[in-house]
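**Student:** One file: final.txt (compact mmCIF, N, CA and C atoms).
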# COMPACT_ATOMS: atom_id res chain seq x y z
N MET A 1 90.45 134.80 90.10
CA MET A 1 90.39 133.99 88.90
C MET A 1 91.80 133.56 88.51
N GLU A 2 91.95 132.29 88.19
CA GLU A 2 93.27 131.77 87.85
C GLU A 2 93.60 132.02 86.38
N SER A 3 94.87 132.27 86.14
CA SER A 3 95.30 132.44 84.75
C SER A 3 95.54 131.06 84.14
N PRO A 4 95.32 130.92 82.85
CA PRO A 4 95.55 129.60 82.22
C PRO A 4 97.03 129.24 82.26
N ARG A 5 97.28 127.95 82.36
CA ARG A 5 98.66 127.48 82.42
C ARG A 5 99.33 127.55 81.06
N LYS A 6 100.62 127.79 81.10
CA LYS A 6 101.40 127.79 79.87
C LYS A 6 101.60 126.34 79.43
N PRO A 7 101.95 126.10 78.17
CA PRO A 7 102.03 124.73 77.67
C PRO A 7 102.93 123.78 78.46
N GLY A 8 104.11 124.21 78.87
CA GLY A 8 105.02 123.31 79.58
C GLY A 8 104.87 123.34 81.09
N GLN A 9 103.99 124.18 81.60
CA GLN A 9 103.90 124.37 83.04
C GLN A 9 103.31 123.14 83.73
N ALA A 10 102.33 122.49 83.13
CA ALA A 10 101.71 121.31 83.75
C ALA A 10 102.74 120.19 83.90
N ARG A 11 103.58 120.03 82.90
CA ARG A 11 104.60 118.99 82.97
C ARG A 11 105.65 119.34 84.03
N ALA A 12 106.01 120.61 84.13
CA ALA A 12 106.98 121.04 85.14
C ALA A 12 106.46 120.80 86.55
N VAL A 13 105.17 121.03 86.75
CA VAL A 13 104.55 120.79 88.06
C VAL A 13 104.65 119.31 88.42
N GLN A 14 104.47 118.44 87.45
CA GLN A 14 104.55 117.00 87.73
C GLN A 14 105.98 116.56 87.98
N TYR A 15 106.95 117.18 87.31
CA TYR A 15 108.35 116.86 87.60
C TYR A 15 108.71 117.29 89.02
N ILE A 16 108.19 118.41 89.47
CA ILE A 16 108.42 118.85 90.84
C ILE A 16 107.78 117.87 91.82
N ALA A 17 106.58 117.41 91.52
CA ALA A 17 105.91 116.42 92.37
C ALA A 17 106.70 115.12 92.41
N LEU A 18 107.28 114.74 91.30
CA LEU A 18 108.09 113.52 91.25
C LEU A 18 109.36 113.67 92.09
N ALA A 19 109.99 114.83 92.03
CA ALA A 19 111.18 115.08 92.85
C ALA A 19 110.83 115.09 94.33
N ARG A 20 109.70 115.67 94.67
CA ARG A 20 109.26 115.68 96.07
C ARG A 20 109.00 114.26 96.57
N ALA A 21 108.40 113.42 95.73
CA ALA A 21 108.15 112.03 96.10
C ALA A 21 109.46 111.28 96.31
N ALA A 22 110.44 111.55 95.46
CA ALA A 22 111.74 110.89 95.61
C ALA A 22 112.42 111.31 96.91
N LEU A 23 112.30 112.58 97.28
CA LEU A 23 112.90 113.05 98.53
C LEU A 23 112.23 112.41 99.75
N ILE A 24 110.92 112.27 99.71
CA ILE A 24 110.20 111.64 100.83
C ILE A 24 110.60 110.18 100.94
N THR A 25 110.73 109.50 99.81
CA THR A 25 111.15 108.09 99.82
C THR A 25 112.57 107.96 100.37
N LEU A 26 113.46 108.83 99.95
CA LEU A 26 114.83 108.78 100.47
C LEU A 26 114.89 109.09 101.96
N LEU A 27 114.07 110.02 102.42
CA LEU A 27 114.00 110.31 103.84
C LEU A 27 113.55 109.07 104.62
N GLY A 28 112.57 108.36 104.09
CA GLY A 28 112.13 107.12 104.73
C GLY A 28 113.22 106.07 104.77
N LEU A 29 113.97 105.94 103.68
CA LEU A 29 115.06 104.96 103.66
C LEU A 29 116.17 105.32 104.64
N LEU A 30 116.49 106.61 104.74
CA LEU A 30 117.49 107.04 105.72
C LEU A 30 117.01 106.76 107.15
N LEU A 31 115.72 106.94 107.37
CA LEU A 31 115.16 106.68 108.69
C LEU A 31 115.21 105.19 109.03
N VAL A 32 115.08 104.34 108.02
CA VAL A 32 115.20 102.90 108.25
C VAL A 32 116.59 102.58 108.79
N PHE A 33 117.61 103.09 108.15
CA PHE A 33 118.98 102.81 108.60
C PHE A 33 119.23 103.39 109.99
N ARG A 34 118.67 104.55 110.25
CA ARG A 34 118.83 105.17 111.57
C ARG A 34 118.13 104.34 112.65
N ALA A 35 116.94 103.85 112.35
CA ALA A 35 116.18 103.07 113.33
C ALA A 35 116.83 101.72 113.59
N VAL A 36 117.33 101.08 112.55
CA VAL A 36 117.95 99.77 112.72
C VAL A 36 119.23 99.87 113.54
N ALA A 37 119.97 100.95 113.38
CA ALA A 37 121.23 101.12 114.10
C ALA A 37 121.04 101.59 115.54
N SER A 38 119.82 101.93 115.90
CA SER A 38 119.57 102.46 117.24
C SER A 38 119.60 101.35 118.30
N PRO A 39 120.23 101.61 119.45
CA PRO A 39 120.24 100.60 120.52
C PRO A 39 118.91 100.54 121.28
N ASP A 40 118.08 101.57 121.16
CA ASP A 40 116.81 101.62 121.89
C ASP A 40 115.74 100.81 121.14
N PRO A 41 115.18 99.76 121.75
CA PRO A 41 114.19 98.94 121.05
C PRO A 41 112.90 99.69 120.73
N ALA A 42 112.52 100.64 121.58
CA ALA A 42 111.29 101.40 121.30
C ALA A 42 111.48 102.27 120.05
N TRP A 43 112.67 102.87 119.91
CA TRP A 43 112.93 103.68 118.73
C TRP A 43 113.01 102.82 117.47
N ARG A 44 113.51 101.59 117.61
CA ARG A 44 113.54 100.69 116.45
C ARG A 44 112.15 100.45 115.90
N VAL A 45 111.21 100.17 116.79
CA VAL A 45 109.84 99.89 116.36
C VAL A 45 109.19 101.15 115.79
N THR A 46 109.28 102.24 116.53
CA THR A 46 108.65 103.49 116.10
C THR A 46 109.30 104.02 114.82
N GLY A 47 110.61 104.02 114.79
CA GLY A 47 111.32 104.51 113.61
C GLY A 47 111.06 103.67 112.38
N SER A 48 110.99 102.37 112.58
CA SER A 48 110.72 101.49 111.44
C SER A 48 109.31 101.71 110.90
N ALA A 49 108.34 101.88 111.80
CA ALA A 49 106.96 102.13 111.36
C ALA A 49 106.85 103.46 110.62
N LEU A 50 107.50 104.47 111.15
CA LEU A 50 107.48 105.78 110.49
C LEU A 50 108.20 105.72 109.14
N ALA A 51 109.31 105.01 109.10
CA ALA A 51 110.06 104.87 107.85
C ALA A 51 109.22 104.14 106.81
N PHE A 52 108.54 103.07 107.22
CA PHE A 52 107.68 102.34 106.29
C PHE A 52 106.60 103.25 105.73
N ALA A 53 105.99 104.07 106.60
CA ALA A 53 104.94 104.99 106.14
C ALA A 53 105.50 106.01 105.15
N LEU A 54 106.70 106.53 105.41
CA LEU A 54 107.30 107.51 104.50
C LEU A 54 107.65 106.89 103.15
N VAL A 55 108.21 105.69 103.18
CA VAL A 55 108.56 105.03 101.92
C VAL A 55 107.30 104.73 101.11
N LEU A 56 106.26 104.26 101.79
CA LEU A 56 105.00 103.97 101.09
C LEU A 56 104.38 105.25 100.52
N LEU A 57 104.37 106.31 101.31
CA LEU A 57 103.83 107.59 100.85
C LEU A 57 104.61 108.11 99.64
N GLY A 58 105.93 108.07 99.72
CA GLY A 58 106.75 108.55 98.60
C GLY A 58 106.54 107.72 97.34
N THR A 59 106.40 106.41 97.52
CA THR A 59 106.17 105.54 96.36
C THR A 59 104.83 105.83 95.70
N LEU A 60 103.79 106.00 96.51
CA LEU A 60 102.46 106.29 95.96
C LEU A 60 102.43 107.67 95.29
N MET A 61 103.08 108.65 95.89
CA MET A 61 103.14 109.98 95.29
C MET A 61 103.90 109.94 93.96
N GLY A 62 104.99 109.17 93.92
CA GLY A 62 105.76 109.04 92.69
C GLY A 62 104.98 108.35 91.59
N ALA A 63 104.22 107.32 91.95
CA ALA A 63 103.40 106.62 90.95
C ALA A 63 102.32 107.55 90.38
N ARG A 64 101.75 108.36 91.24
CA ARG A 64 100.72 109.30 90.78
C ARG A 64 101.31 110.34 89.83
N ALA A 65 102.48 110.88 90.19
CA ALA A 65 103.13 111.88 89.34
C ALA A 65 103.53 111.27 87.99
N MET A 66 104.03 110.03 88.01
CA MET A 66 104.42 109.37 86.76
C MET A 66 103.20 109.14 85.86
N ARG A 67 102.09 108.73 86.47
CA ARG A 67 100.88 108.50 85.68
C ARG A 67 100.40 109.81 85.03
N ARG A 68 100.45 110.90 85.79
CA ARG A 68 100.04 112.19 85.23
C ARG A 68 100.99 112.65 84.13
N LEU A 69 102.29 112.40 84.31
CA LEU A 69 103.25 112.75 83.26
C LEU A 69 102.98 111.97 81.98
N GLN A 70 102.68 110.68 82.12
CA GLN A 70 102.37 109.87 80.94
C GLN A 70 101.11 110.37 80.25
N GLN A 71 100.12 110.79 81.03
CA GLN A 71 98.89 111.32 80.44
C GLN A 71 99.17 112.62 79.70
N LEU A 72 100.01 113.48 80.28
CA LEU A 72 100.34 114.74 79.62
C LEU A 72 101.11 114.49 78.32
N ARG A 73 102.03 113.53 78.35
CA ARG A 73 102.78 113.22 77.13
C ARG A 73 101.89 112.66 76.04
N ALA A 74 100.86 111.90 76.44
CA ALA A 74 99.94 111.30 75.46
C ALA A 74 98.89 112.30 74.99
N GLY A 75 98.85 113.46 75.61
CA GLY A 75 97.87 114.48 75.21
C GLY A 75 96.51 114.30 75.84
N LEU A 76 96.41 113.44 76.85
CA LEU A 76 95.14 113.22 77.52
C LEU A 76 94.96 114.26 78.62
N PRO A 77 93.72 114.62 78.92
CA PRO A 77 93.50 115.53 80.03
C PRO A 77 93.77 114.82 81.36
N PRO A 78 94.16 115.56 82.41
CA PRO A 78 94.41 114.91 83.69
C PRO A 78 93.12 114.30 84.24
N GLY A 79 93.25 113.19 84.92
CA GLY A 79 92.10 112.50 85.48
C GLY A 79 92.33 111.01 85.42
N ASN A 80 91.25 110.26 85.50
CA ASN A 80 91.35 108.81 85.47
C ASN A 80 91.75 108.33 84.08
N THR A 81 92.54 107.28 84.05
CA THR A 81 92.96 106.71 82.78
C THR A 81 91.78 105.99 82.15
N PRO A 82 91.46 106.23 80.88
CA PRO A 82 90.33 105.55 80.25
C PRO A 82 90.53 104.05 80.21
N GLY A 83 89.46 103.33 80.47
CA GLY A 83 89.51 101.89 80.39
C GLY A 83 89.93 101.21 81.67
N THR A 84 90.09 101.96 82.76
CA THR A 84 90.47 101.33 84.02
C THR A 84 89.37 101.50 85.03
If you took the structure in this file and wrote it as structure tokens, what would it be?
**Tutor:**
Amino acid sequence: MESPRKPGQARAVQYIALARAALITLLGLLLVFRAVASPDPAWRVTGSALAFALVLLGTLMGARAMRRLQQLRAGLPPGNTPGT
């Protein structure tokens, strides 16, 4: 059985998720520069595709964490935003 969360714990979890999303996005951007500088054409294509996937994943994760943070600040329970 899980113990109930403390008042600030839910917000801290979302800040950690936001930091993780930023790190994944930065990793993708670093991979873009590495792939573009590579002399191997196969690595350029593969690295660019992987970098695009990482940047997209990090951006989507960051958007989700930001939406949850806004819901917590507004006092709404986590879940779908009303009216959407």
**Student:** Select, from A:Leu76, A:Val36, A:Ile24, A:Leu69, the residue with the minimum atom-to-atom distance to A:Val55, counting all atoms listed in the file.
**Tutor:** A:Ile24
**Student:** For the atom pair atom N of A:Val13 and atom C of A:Gly28, what is the interatomic distance in Å to one decimal place?
**Tutor:** 24.8 Å
**Student:** Would you pick out the contacts of A:Gly58 at 5 Å or less, using only N, CA and C atoms, so that residues sharing its chain but fewer than 4 positions from it are not included, and give the list as an MDAnalysis selection string?
**Tutor:** chainID A and resid 21 24:25 54 62
**Student:** Please compute the atom CA of A:Leu29-atom CA of A:Ala65 distance, one decimal, in Å.
**Tutor:**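 Taking atom CA of A:Leu29 as the start and atom CA of A:Ala65 as the end point, the length is 19.9 Å.
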**Student:** Out of A:Asp40, A:Ala22, A:Leu72, A:Val32, which residue has the shortest atom-to-atom distance to A:Leu57 when counting all atoms listed in the file?
**Tutor:**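 Closest candidate: A:Ala22.
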**Student:** I want to know what sits within 8 Å of A:Ala17, based on all atoms listed in the file, with residues of the same chain fewer than 6 positions away left out; could you give that as a VMD selection string?
**Tutor:** chain A and resid 11 23 61 to 62 64 to 66
**Student:** Rounded to one decimal place, report the atom CA of A:Leu50-atom CA of A:Ser38 distance in Å.
**Tutor:** 14.2 Å
